[in-house]
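Chemist: Quick one: structure below, then a few questions.
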Protein chains: 2
Amino acid sequence: MFTIDTRSRVPIYEQLTEKLKELIVREVMKEDEQLPSVRSLAQDLTINPNTIQKAYRELEREGYIYSIPGKGSFVSPVKNEINRERMEMLKKELERIVGEILFLGVPKDEVIKLIETMEEPERSGDDD
Amino acid sequence: MFTIDTRSRVPIYEQLTEKLKELIVREVMKEDEQLPSVRSLAQDLTINPNTIQKAYRELEREGYIYSIPGKGSFVSPVKNEINRERMEMLKKELERIVGEILFLGVPKDEVIKLIETMEEPERSGDDD
DNA sequence: ATAACTGTATTATTTATACTAATACAGTTA
DNA sequence: TAACTGTATTAGTATAAATAATACAGTTAT
């Protein structure tokens, strides 16, 4: 389900939250779908359950998932709030990157051309 | 000269290399210009000289600066190599960011519109 | 030549944080 | 009742960054 780089400078629990956020935001994991249990995921990835728990706790704090003791952890209904926050972050990053590229002398047109050649994602299940 | 966040997860020496790289690539610091000495910069930023040295060593290794024992450290003549590598990195980041934005459902046109509204940098000294 | 700078190198210590380990407790479900 | 769930706590380990304290050699100006 996940690929974790234990040698990365990015902590394991943060790699986990990142990847899970993406799965949730992109709706690969649907609303109310159950996440793997803390212990089973820990066993799968051969890392400590506490590390998983830390990731889940963070995801819950940020509203991506909700947990029910005894039952499990589940994907929260997608809040616009979350997408909005993520968009803000992405836009800021975008501006920083493009800013640097422009500074390096690449004309704006070329940057735009680069984006134009990118493929827009398939949205098979968005017509509901 | 610099702002360092000692609490950031990004190590101090890496913050330093990042910022210096930008100053060099953007030619705020010109070719052969002398950098502050290891000790003086350490005193300015109230951090350990060894940390500065580590940053300088890295910058030298990557070809951004050159050091002469007894004299000081200086900005390397800007190599196209460096700009090329940096561009590669920036383009990859750009694609990742834009990819995520598109996944969040923002149409390509809007991303482009955002970039169009950005100001191109002044290039006062580029006409030589 | 001497003092005050430079970069460079080495070794030891401290500090911060992630991660692991080992439990324990309580709710859920079959 | 057994086997799951999430949650919490406490202690220990590992790693990397940063500090501290020196030392050595080249440069520069007086």
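In the structure tokens, chains take the letters A, B, ... in the order shown, each chain's residues start at 1, and ligands count up from 1 in the order shown.
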Rotate and translate chain A onto chain B via least squares on all in-order Cα pairs, then write the result as a compact mmCIF listing (two decimals) with N, CA, C and O atoms, in the first residue's frame.

Modeler:
```txt
# COMPACT_ATOMS: atom_id res chain seq x y z
N MET A 1 22.78 40.12 7.00
CA MET A 1 22.94 39.51 5.68
C MET A 1 22.01 38.30 5.50
O MET A 1 21.46 38.08 4.45
N PHE A 2 21.83 37.53 6.57
CA PHE A 2 20.96 36.36 6.49
C PHE A 2 20.00 36.30 7.66
O PHE A 2 20.25 36.83 8.72
N THR A 3 18.91 35.63 7.41
CA THR A 3 18.01 35.30 8.51
C THR A 3 18.01 33.79 8.65
O THR A 3 17.72 33.07 7.69
N ILE A 4 18.33 33.35 9.84
CA ILE A 4 18.40 31.92 10.09
C ILE A 4 17.37 31.54 11.14
O ILE A 4 17.21 32.23 12.15
N ASP A 5 16.66 30.47 10.87
CA ASP A 5 15.70 29.97 11.85
C ASP A 5 16.29 28.74 12.53
O ASP A 5 16.30 27.65 11.99
N THR A 6 16.79 28.97 13.75
CA THR A 6 17.48 27.88 14.45
C THR A 6 16.52 26.76 14.86
O THR A 6 16.96 25.68 15.22
N ARG A 7 15.20 27.05 14.81
CA ARG A 7 14.26 26.01 15.24
C ARG A 7 13.71 25.21 14.07
O ARG A 7 12.98 24.24 14.26
N SER A 8 14.03 25.64 12.87
CA SER A 8 13.53 24.94 11.70
C SER A 8 14.05 23.51 11.66
O SER A 8 15.10 23.20 12.21
N ARG A 9 13.29 22.65 10.99
CA ARG A 9 13.78 21.28 10.85
C ARG A 9 14.91 21.24 9.83
O ARG A 9 15.74 20.34 9.84
N VAL A 10 14.91 22.24 8.97
CA VAL A 10 16.01 22.33 8.00
C VAL A 10 17.26 22.79 8.73
O VAL A 10 17.25 23.82 9.40
N PRO A 11 18.32 22.00 8.65
CA PRO A 11 19.56 22.34 9.35
C PRO A 11 20.07 23.72 8.98
O PRO A 11 19.89 24.16 7.84
N ILE A 12 20.74 24.35 9.93
CA ILE A 12 21.27 25.68 9.71
C ILE A 12 22.18 25.73 8.48
O ILE A 12 22.06 26.61 7.64
N TYR A 13 23.06 24.76 8.39
CA TYR A 13 24.03 24.81 7.29
C TYR A 13 23.32 24.71 5.93
O TYR A 13 23.79 25.26 4.94
N GLU A 14 22.16 24.06 5.95
CA GLU A 14 21.43 23.93 4.69
C GLU A 14 20.66 25.21 4.37
O GLU A 14 20.55 25.60 3.21
N GLN A 15 20.15 25.85 5.40
CA GLN A 15 19.53 27.15 5.19
C GLN A 15 20.54 28.11 4.59
O GLN A 15 20.24 28.89 3.68
N LEU A 16 21.75 28.02 5.10
CA LEU A 16 22.81 28.89 4.61
C LEU A 16 23.13 28.62 3.14
O LEU A 16 23.16 29.55 2.33
N THR A 17 23.33 27.35 2.80
CA THR A 17 23.66 27.03 1.41
C THR A 17 22.53 27.48 0.49
O THR A 17 22.79 28.07 -0.56
N GLU A 18 21.30 27.23 0.91
CA GLU A 18 20.15 27.64 0.10
C GLU A 18 20.18 29.13 -0.21
O GLU A 18 20.08 29.54 -1.36
N LYS A 19 20.35 29.90 0.85
CA LYS A 19 20.29 31.35 0.67
C LYS A 19 21.47 31.86 -0.14
O LYS A 19 21.32 32.75 -0.99
N LEU A 20 22.63 31.30 0.12
CA LEU A 20 23.80 31.73 -0.62
C LEU A 20 23.69 31.35 -2.09
O LEU A 20 24.05 32.13 -2.97
N LYS A 21 23.17 30.17 -2.33
CA LYS A 21 22.97 29.75 -3.72
C LYS A 21 22.09 30.75 -4.44
O LYS A 21 22.37 31.11 -5.59
N GLU A 22 21.04 31.17 -3.77
CA GLU A 22 20.13 32.10 -4.43
C GLU A 22 20.83 33.43 -4.72
O GLU A 22 20.71 33.98 -5.81
N LEU A 23 21.57 33.91 -3.73
CA LEU A 23 22.29 35.17 -3.95
C LEU A 23 23.25 35.06 -5.12
O LEU A 23 23.44 36.00 -5.89
N ILE A 24 23.86 33.89 -5.24
CA ILE A 24 24.84 33.70 -6.30
C ILE A 24 24.16 33.53 -7.65
O ILE A 24 24.53 34.17 -8.63
N VAL A 25 23.15 32.68 -7.69
CA VAL A 25 22.45 32.43 -8.95
C VAL A 25 21.80 33.70 -9.48
O VAL A 25 21.80 33.97 -10.67
N ARG A 26 21.26 34.49 -8.55
CA ARG A 26 20.61 35.72 -8.97
C ARG A 26 21.60 36.87 -9.15
O ARG A 26 21.23 38.00 -9.40
N GLU A 27 22.85 36.53 -8.94
CA GLU A 27 23.94 37.49 -9.13
C GLU A 27 23.82 38.73 -8.25
O GLU A 27 24.23 39.82 -8.62
N VAL A 28 23.23 38.53 -7.08
CA VAL A 28 23.30 39.59 -6.08
C VAL A 28 24.74 39.65 -5.58
O VAL A 28 25.29 40.71 -5.35
N MET A 29 25.33 38.47 -5.44
CA MET A 29 26.76 38.40 -5.18
C MET A 29 27.45 38.08 -6.49
O MET A 29 27.19 37.06 -7.12
N LYS A 30 28.32 38.97 -6.88
CA LYS A 30 28.95 38.84 -8.19
C LYS A 30 30.16 37.91 -8.17
O LYS A 30 30.76 37.67 -7.11
N GLU A 31 30.52 37.50 -9.33
CA GLU A 31 31.70 36.67 -9.57
C GLU A 31 32.92 37.21 -8.80
O GLU A 31 33.20 38.41 -8.84
N ASP A 32 33.60 36.32 -8.12
CA ASP A 32 34.84 36.63 -7.39
C ASP A 32 34.65 37.55 -6.18
O ASP A 32 35.63 37.93 -5.54
N GLU A 33 33.41 37.88 -5.89
CA GLU A 33 33.15 38.66 -4.68
C GLU A 33 33.44 37.81 -3.46
O GLU A 33 33.18 36.62 -3.44
N GLN A 34 34.00 38.44 -2.44
CA GLN A 34 34.38 37.69 -1.25
C GLN A 34 33.20 37.49 -0.31
O GLN A 34 32.45 38.43 -0.04
N LEU A 35 33.08 36.29 0.16
CA LEU A 35 32.05 36.00 1.15
C LEU A 35 32.57 36.38 2.53
O LEU A 35 33.77 36.48 2.73
N PRO A 36 31.66 36.63 3.45
CA PRO A 36 32.12 36.89 4.82
C PRO A 36 32.94 35.70 5.32
O PRO A 36 32.66 34.56 4.98
N SER A 37 33.94 35.97 6.13
CA SER A 37 34.78 34.88 6.62
C SER A 37 33.99 33.97 7.55
O SER A 37 33.00 34.37 8.16
N VAL A 38 34.44 32.75 7.60
CA VAL A 38 33.81 31.76 8.45
C VAL A 38 33.57 32.29 9.85
O VAL A 38 32.45 32.22 10.39
N ARG A 39 34.59 32.88 10.41
CA ARG A 39 34.48 33.32 11.81
C ARG A 39 33.58 34.53 11.97
O ARG A 39 32.80 34.62 12.91
N SER A 40 33.70 35.48 11.05
CA SER A 40 32.89 36.70 11.21
C SER A 40 31.41 36.40 11.01
O SER A 40 30.57 36.90 11.75
N LEU A 41 31.11 35.56 10.04
CA LEU A 41 29.70 35.22 9.81
C LEU A 41 29.14 34.45 11.01
O LEU A 41 28.00 34.67 11.43
N ALA A 42 30.00 33.59 11.55
CA ALA A 42 29.58 32.84 12.73
C ALA A 42 29.24 33.78 13.87
O ALA A 42 28.25 33.60 14.59
N GLN A 43 30.04 34.81 14.00
CA GLN A 43 29.80 35.77 15.07
C GLN A 43 28.52 36.58 14.82
O GLN A 43 27.70 36.78 15.71
N ASP A 44 28.37 37.00 13.56
CA ASP A 44 27.17 37.74 13.19
C ASP A 44 25.90 36.97 13.51
O ASP A 44 24.94 37.50 14.07
N LEU A 45 25.90 35.69 13.12
CA LEU A 45 24.68 34.89 13.27
C LEU A 45 24.63 34.20 14.63
O LEU A 45 23.66 33.50 14.94
N THR A 46 25.68 34.41 15.42
CA THR A 46 25.81 33.74 16.72
C THR A 46 25.57 32.24 16.61
O THR A 46 24.78 31.65 17.33
N ILE A 47 26.24 31.64 15.65
CA ILE A 47 26.26 30.19 15.54
C ILE A 47 27.70 29.74 15.40
O ILE A 47 28.60 30.56 15.22
N ASN A 48 27.89 28.46 15.51
CA ASN A 48 29.25 27.93 15.55
C ASN A 48 29.97 28.01 14.20
O ASN A 48 29.39 27.71 13.16
N PRO A 49 31.24 28.40 14.25
CA PRO A 49 32.02 28.49 13.01
C PRO A 49 32.02 27.19 12.20
O PRO A 49 32.02 27.23 10.97
N ASN A 50 32.00 26.08 12.91
CA ASN A 50 31.99 24.79 12.19
C ASN A 50 30.79 24.66 11.28
O ASN A 50 30.86 24.02 10.24
N THR A 51 29.68 25.23 11.72
CA THR A 51 28.46 25.14 10.93
C THR A 51 28.60 25.94 9.64
O THR A 51 28.20 25.50 8.56
N ILE A 52 29.21 27.11 9.76
CA ILE A 52 29.47 27.92 8.57
C ILE A 52 30.40 27.16 7.64
O ILE A 52 30.18 27.08 6.43
N GLN A 53 31.41 26.60 8.25
CA GLN A 53 32.40 25.88 7.45
C GLN A 53 31.76 24.75 6.65
O GLN A 53 32.07 24.53 5.48
N LYS A 54 30.83 24.09 7.31
CA LYS A 54 30.14 22.99 6.65
C LYS A 54 29.37 23.50 5.43
O LYS A 54 29.38 22.88 4.38
N ALA A 55 28.72 24.64 5.61
CA ALA A 55 27.97 25.23 4.50
C ALA A 55 28.91 25.61 3.36
O ALA A 55 28.65 25.29 2.20
N TYR A 56 30.01 26.26 3.71
CA TYR A 56 30.97 26.68 2.68
C TYR A 56 31.56 25.47 1.95
O TYR A 56 31.76 25.49 0.75
N ARG A 57 31.86 24.44 2.72
CA ARG A 57 32.44 23.24 2.13
C ARG A 57 31.49 22.65 1.09
O ARG A 57 31.89 22.26 -0.01
N GLU A 58 30.20 22.64 1.47
CA GLU A 58 29.19 22.11 0.56
C GLU A 58 29.07 22.97 -0.70
O GLU A 58 29.01 22.45 -1.81
N LEU A 59 29.08 24.28 -0.48
CA LEU A 59 28.98 25.19 -1.62
C LEU A 59 30.17 25.03 -2.56
O LEU A 59 30.04 25.10 -3.77
N GLU A 60 31.32 24.78 -1.96
CA GLU A 60 32.51 24.60 -2.79
C GLU A 60 32.41 23.28 -3.57
O GLU A 60 32.70 23.23 -4.76
N ARG A 61 31.95 22.26 -2.87
CA ARG A 61 31.80 20.96 -3.50
C ARG A 61 30.88 21.04 -4.72
O ARG A 61 31.10 20.38 -5.74
N GLU A 62 29.85 21.88 -4.60
CA GLU A 62 28.88 21.99 -5.69
C GLU A 62 29.28 23.05 -6.72
O GLU A 62 28.56 23.27 -7.68
N GLY A 63 30.41 23.70 -6.46
CA GLY A 63 30.93 24.62 -7.46
C GLY A 63 30.42 26.05 -7.39
O GLY A 63 30.68 26.83 -8.29
N TYR A 64 29.73 26.39 -6.32
CA TYR A 64 29.20 27.74 -6.21
C TYR A 64 30.26 28.73 -5.76
O TYR A 64 30.21 29.89 -6.10
N ILE A 65 31.18 28.26 -4.93
CA ILE A 65 32.23 29.15 -4.44
C ILE A 65 33.58 28.44 -4.52
O ILE A 65 33.65 27.23 -4.73
N TYR A 66 34.63 29.22 -4.39
CA TYR A 66 35.96 28.61 -4.27
C TYR A 66 36.66 29.27 -3.09
O TYR A 66 36.41 30.44 -2.77
N SER A 67 37.48 28.51 -2.41
CA SER A 67 38.15 29.02 -1.22
C SER A 67 39.65 28.97 -1.36
O SER A 67 40.20 28.04 -1.94
N ILE A 68 40.29 29.98 -0.85
CA ILE A 68 41.74 30.00 -0.83
C ILE A 68 42.18 30.15 0.62
O ILE A 68 41.93 31.19 1.24
N PRO A 69 42.83 29.10 1.14
CA PRO A 69 43.27 29.15 2.54
C PRO A 69 44.14 30.37 2.78
O PRO A 69 45.07 30.65 2.03
N GLY A 70 43.82 31.09 3.82
CA GLY A 70 44.57 32.30 4.14
C GLY A 70 43.96 33.55 3.54
O GLY A 70 44.13 34.64 4.07
N LYS A 71 43.26 33.40 2.43
CA LYS A 71 42.65 34.57 1.79
C LYS A 71 41.16 34.71 2.07
O LYS A 71 40.70 35.71 2.59
N GLY A 72 40.44 33.68 1.73
CA GLY A 72 39.00 33.77 1.95
C GLY A 72 38.22 32.90 0.98
O GLY A 72 38.79 32.10 0.25
N SER A 73 36.91 33.07 1.00
CA SER A 73 36.03 32.32 0.09
C SER A 73 35.37 33.29 -0.86
O SER A 73 34.97 34.38 -0.47
N PHE A 74 35.24 32.85 -2.10
CA PHE A 74 34.77 33.76 -3.14
C PHE A 74 33.75 33.10 -4.06
O PHE A 74 33.73 31.87 -4.20
N VAL A 75 32.92 33.94 -4.64
CA VAL A 75 31.90 33.44 -5.55
C VAL A 75 32.55 32.93 -6.83
O VAL A 75 33.36 33.62 -7.44
N SER A 76 32.19 31.73 -7.21
CA SER A 76 32.71 31.16 -8.45
C SER A 76 32.10 31.87 -9.64
O SER A 76 30.99 32.38 -9.56
N PRO A 77 32.85 31.90 -10.75
CA PRO A 77 32.23 32.37 -11.98
C PRO A 77 31.00 31.50 -12.25
O PRO A 77 31.06 30.28 -12.14
N VAL A 78 29.87 32.14 -12.54
CA VAL A 78 28.63 31.39 -12.71
C VAL A 78 28.76 30.39 -13.84
O VAL A 78 29.05 30.74 -14.97
N LYS A 79 28.58 29.16 -13.50
CA LYS A 79 28.65 28.13 -14.52
C LYS A 79 27.25 27.83 -15.03
O LYS A 79 26.31 27.75 -14.28
N ASN A 80 27.17 27.64 -16.34
CA ASN A 80 25.89 27.23 -16.89
C ASN A 80 25.45 25.91 -16.30
O ASN A 80 24.28 25.66 -16.09
N GLU A 81 26.42 25.10 -16.01
CA GLU A 81 26.19 23.79 -15.37
C GLU A 81 25.26 23.93 -14.16
O GLU A 81 24.27 23.22 -14.02
N ILE A 82 25.62 24.89 -13.31
CA ILE A 82 24.86 25.08 -12.08
C ILE A 82 23.43 25.50 -12.38
O ILE A 82 22.47 24.93 -11.88
N ASN A 83 23.30 26.51 -13.26
CA ASN A 83 21.96 26.95 -13.61
C ASN A 83 21.15 25.82 -14.24
O ASN A 83 19.97 25.68 -13.98
N ARG A 84 21.82 25.04 -15.04
CA ARG A 84 21.14 23.95 -15.71
C ARG A 84 20.59 22.96 -14.68
O ARG A 84 19.43 22.58 -14.72
N GLU A 85 21.46 22.59 -13.73
CA GLU A 85 21.03 21.65 -12.69
C GLU A 85 19.88 22.20 -11.89
O GLU A 85 18.92 21.52 -11.58
N ARG A 86 20.00 23.49 -11.56
CA ARG A 86 18.95 24.11 -10.77
C ARG A 86 17.64 24.15 -11.55
O ARG A 86 16.57 23.89 -11.02
N MET A 87 17.75 24.45 -12.83
CA MET A 87 16.55 24.47 -13.67
C MET A 87 15.88 23.10 -13.69
O MET A 87 14.66 23.00 -13.57
N GLU A 88 16.68 22.07 -13.83
CA GLU A 88 16.13 20.72 -13.84
C GLU A 88 15.31 20.47 -12.59
O GLU A 88 14.19 19.98 -12.65
N MET A 89 15.90 20.84 -11.47
CA MET A 89 15.24 20.62 -10.18
C MET A 89 13.94 21.41 -10.12
O MET A 89 12.90 20.88 -9.72
N LEU A 90 14.03 22.66 -10.54
CA LEU A 90 12.85 23.51 -10.47
C LEU A 90 11.74 22.99 -11.39
O LEU A 90 10.57 22.99 -11.02
N LYS A 91 12.13 22.52 -12.56
CA LYS A 91 11.12 22.00 -13.49
C LYS A 91 10.42 20.79 -12.91
O LYS A 91 9.21 20.64 -13.03
N LYS A 92 11.21 19.92 -12.27
CA LYS A 92 10.59 18.74 -11.67
C LYS A 92 9.60 19.13 -10.59
O LYS A 92 8.50 18.61 -10.50
N GLU A 93 10.04 20.08 -9.76
CA GLU A 93 9.13 20.54 -8.70
C GLU A 93 7.88 21.15 -9.30
O GLU A 93 6.77 20.92 -8.83
N LEU A 94 8.10 21.95 -10.33
CA LEU A 94 6.97 22.61 -11.00
C LEU A 94 5.96 21.58 -11.47
O LEU A 94 4.75 21.72 -11.26
N GLU A 95 6.48 20.52 -12.08
CA GLU A 95 5.57 19.51 -12.61
C GLU A 95 4.79 18.81 -11.49
O GLU A 95 3.61 18.52 -11.63
N ARG A 96 5.48 18.59 -10.39
CA ARG A 96 4.81 17.93 -9.27
C ARG A 96 3.68 18.81 -8.74
O ARG A 96 2.54 18.36 -8.57
N ILE A 97 4.00 20.08 -8.53
CA ILE A 97 3.01 21.00 -7.97
C ILE A 97 1.82 21.16 -8.91
O ILE A 97 0.67 21.01 -8.52
N VAL A 98 2.13 21.45 -10.17
CA VAL A 98 1.05 21.65 -11.13
C VAL A 98 0.22 20.37 -11.25
O VAL A 98 -1.01 20.42 -11.32
N GLY A 99 0.91 19.24 -11.24
CA GLY A 99 0.20 17.97 -11.29
C GLY A 99 -0.83 17.86 -10.18
O GLY A 99 -1.98 17.48 -10.41
N GLU A 100 -0.41 18.21 -8.98
CA GLU A 100 -1.34 18.12 -7.85
C GLU A 100 -2.49 19.09 -7.99
O GLU A 100 -3.63 18.77 -7.68
N ILE A 101 -2.16 20.28 -8.48
CA ILE A 101 -3.21 21.29 -8.64
C ILE A 101 -4.25 20.81 -9.66
O ILE A 101 -5.45 20.93 -9.44
N LEU A 102 -3.76 20.24 -10.75
CA LEU A 102 -4.69 19.73 -11.76
C LEU A 102 -5.55 18.62 -11.17
O LEU A 102 -6.74 18.54 -11.43
N PHE A 103 -4.91 17.79 -10.34
CA PHE A 103 -5.66 16.69 -9.73
C PHE A 103 -6.76 17.21 -8.82
O PHE A 103 -7.80 16.59 -8.66
N LEU A 104 -6.51 18.36 -8.24
CA LEU A 104 -7.53 18.93 -7.36
C LEU A 104 -8.64 19.59 -8.16
O LEU A 104 -9.57 20.16 -7.60
N GLY A 105 -8.53 19.49 -9.49
CA GLY A 105 -9.66 19.91 -10.30
C GLY A 105 -9.57 21.32 -10.86
O GLY A 105 -10.49 21.77 -11.52
N VAL A 106 -8.46 21.99 -10.58
CA VAL A 106 -8.31 23.32 -11.17
C VAL A 106 -7.95 23.17 -12.64
O VAL A 106 -7.00 22.46 -12.97
N PRO A 107 -8.71 23.79 -13.52
CA PRO A 107 -8.41 23.65 -14.95
C PRO A 107 -7.08 24.30 -15.32
O PRO A 107 -6.65 25.27 -14.69
N LYS A 108 -6.47 23.74 -16.32
CA LYS A 108 -5.15 24.17 -16.74
C LYS A 108 -5.11 25.68 -17.01
O LYS A 108 -4.17 26.38 -16.67
N ASP A 109 -6.17 26.16 -17.64
CA ASP A 109 -6.25 27.58 -17.98
C ASP A 109 -6.05 28.47 -16.77
O ASP A 109 -5.39 29.51 -16.85
N GLU A 110 -6.63 28.04 -15.66
CA GLU A 110 -6.54 28.88 -14.47
C GLU A 110 -5.13 28.95 -13.93
O GLU A 110 -4.68 29.98 -13.45
N VAL A 111 -4.46 27.80 -13.99
CA VAL A 111 -3.07 27.77 -13.54
C VAL A 111 -2.25 28.73 -14.39
O VAL A 111 -1.45 29.51 -13.88
N ILE A 112 -2.49 28.66 -15.68
CA ILE A 112 -1.76 29.52 -16.60
C ILE A 112 -2.07 30.99 -16.33
O ILE A 112 -1.17 31.85 -16.32
N LYS A 113 -3.35 31.25 -16.06
CA LYS A 113 -3.75 32.63 -15.79
C LYS A 113 -2.99 33.15 -14.56
O LYS A 113 -2.52 34.29 -14.54
N LEU A 114 -2.86 32.27 -13.57
CA LEU A 114 -2.16 32.66 -12.35
C LEU A 114 -0.72 33.06 -12.64
O LEU A 114 -0.21 34.06 -12.12
N ILE A 115 -0.10 32.30 -13.51
CA ILE A 115 1.30 32.58 -13.84
C ILE A 115 1.41 33.86 -14.66
O ILE A 115 2.33 34.65 -14.49
N GLU A 116 0.41 34.05 -15.53
CA GLU A 116 0.44 35.25 -16.37
C GLU A 116 0.38 36.53 -15.54
O GLU A 116 0.94 37.56 -15.93
N THR A 117 -0.29 36.45 -14.40
CA THR A 117 -0.40 37.65 -13.57
C THR A 117 0.86 37.93 -12.78
O THR A 117 1.00 38.99 -12.19
N MET A 118 1.78 36.98 -12.78
CA MET A 118 3.02 37.19 -12.02
C MET A 118 3.94 38.16 -12.75
O MET A 118 3.98 38.19 -13.97
N GLU A 119 4.68 38.92 -11.93
CA GLU A 119 5.58 39.90 -12.54
C GLU A 119 6.91 39.29 -12.92
O GLU A 119 7.49 38.54 -12.14
N GLU A 120 7.38 39.62 -14.08
CA GLU A 120 8.73 39.18 -14.44
C GLU A 120 9.73 40.08 -13.75
O GLU A 120 9.49 41.28 -13.57
N PRO A 121 10.81 39.50 -13.32
CA PRO A 121 11.79 40.25 -12.52
C PRO A 121 12.49 41.34 -13.32
O PRO A 121 12.66 41.22 -14.54
N GLU A 122 12.88 42.39 -12.61
CA GLU A 122 13.69 43.44 -13.24
C GLU A 122 15.06 42.87 -13.59
O GLU A 122 15.64 42.11 -12.84
N ARG A 123 15.55 43.26 -14.72
CA ARG A 123 16.87 42.76 -15.12
C ARG A 123 17.78 43.92 -15.46
O ARG A 123 18.28 44.05 -16.58
N SER A 124 17.97 44.79 -14.48
CA SER A 124 18.69 46.04 -14.72
C SER A 124 20.10 45.83 -15.27
O SER A 124 20.56 46.54 -16.14
N GLY A 125 20.78 44.84 -14.76
CA GLY A 125 22.19 44.70 -15.12
C GLY A 125 22.46 43.60 -16.14
O GLY A 125 23.55 43.11 -16.25
N ASP A 126 21.44 43.24 -16.91
CA ASP A 126 21.61 42.11 -17.81
C ASP A 126 22.01 42.50 -19.21
O ASP A 126 22.17 41.67 -20.08
N ASP A 127 22.19 43.79 -19.43
CA ASP A 127 22.46 44.24 -20.79
C ASP A 127 23.95 44.45 -21.04
O ASP A 127 24.35 45.35 -21.72
N ASP A 128 24.76 43.61 -20.46
CA ASP A 128 26.19 43.74 -20.70
C ASP A 128 26.74 42.54 -21.47
O ASP A 128 26.16 41.49 -21.48
```

Chemist: Please identify the strand (DSSP E) residues within chain B (assignment by DSSP from backbone atoms) and present them as a ChimeraX atom specification.

Modeler: /B:65-68,72-75

Chemist: Name the residues in contact with region 23-25 of chain C at a cut-off of 12 Å, using only C-alpha atoms (C1' of nucleotides), excluding same-chain residues fewer than 6 positions from it; report them as number ranges by chain.

Modeler: A: 69-70; D: 6-11

Chemist: Got a sec to pull out which chain C residues are within 8 Å of chain A, counting only C-alpha atoms (C1' of nucleotides), and send them as a PyMOL selection string?

Modeler: chain C and resi 18-20+27-28

Chemist: Kindly determine which residues of chain D lie within 12 Å of chain B, considering only C-alpha atoms (C1' of nucleotides), and give the answer as a list of chain:residue names.

Modeler: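 Listed by rising number, the hits are D:DA16, D:DA17, D:DA18, D:DT19, D:DA20, D:DA21, D:DC24, D:DA25, D:DG26, D:DT27, D:DT28.
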
Chemist: Mind the document's chain letters and residue numbers, and return as a VMD selection string the residues of chain B that DSSP labels alpha helix (DSSP H).

Modeler: chain B and resid 12 to 25 38 to 45 49 to 61 80 to 103 108 to 116

Chemist: So the first atom is C1' of DC5 (chain C) and the second is C1' of DT22 (chain D); what is the distance between them in Å, to one decimal place?

Modeler: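 Interatomic distance here is 17.6 Å.
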
Chemist: What is the C1' of DT10 (chain C)-C1' of DA23 (chain D) distance in Å, reported with one decimal?

Modeler: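 Straight-line distance from C1' of DT10 (chain C) to C1' of DA23 (chain D) works out to 8.5 Å.
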
Chemist: Between C1' of DA16 (chain C) and C1' of DT15 (chain D), measure the distance and give it in Å to one decimal.

Modeler: 10.4 Å
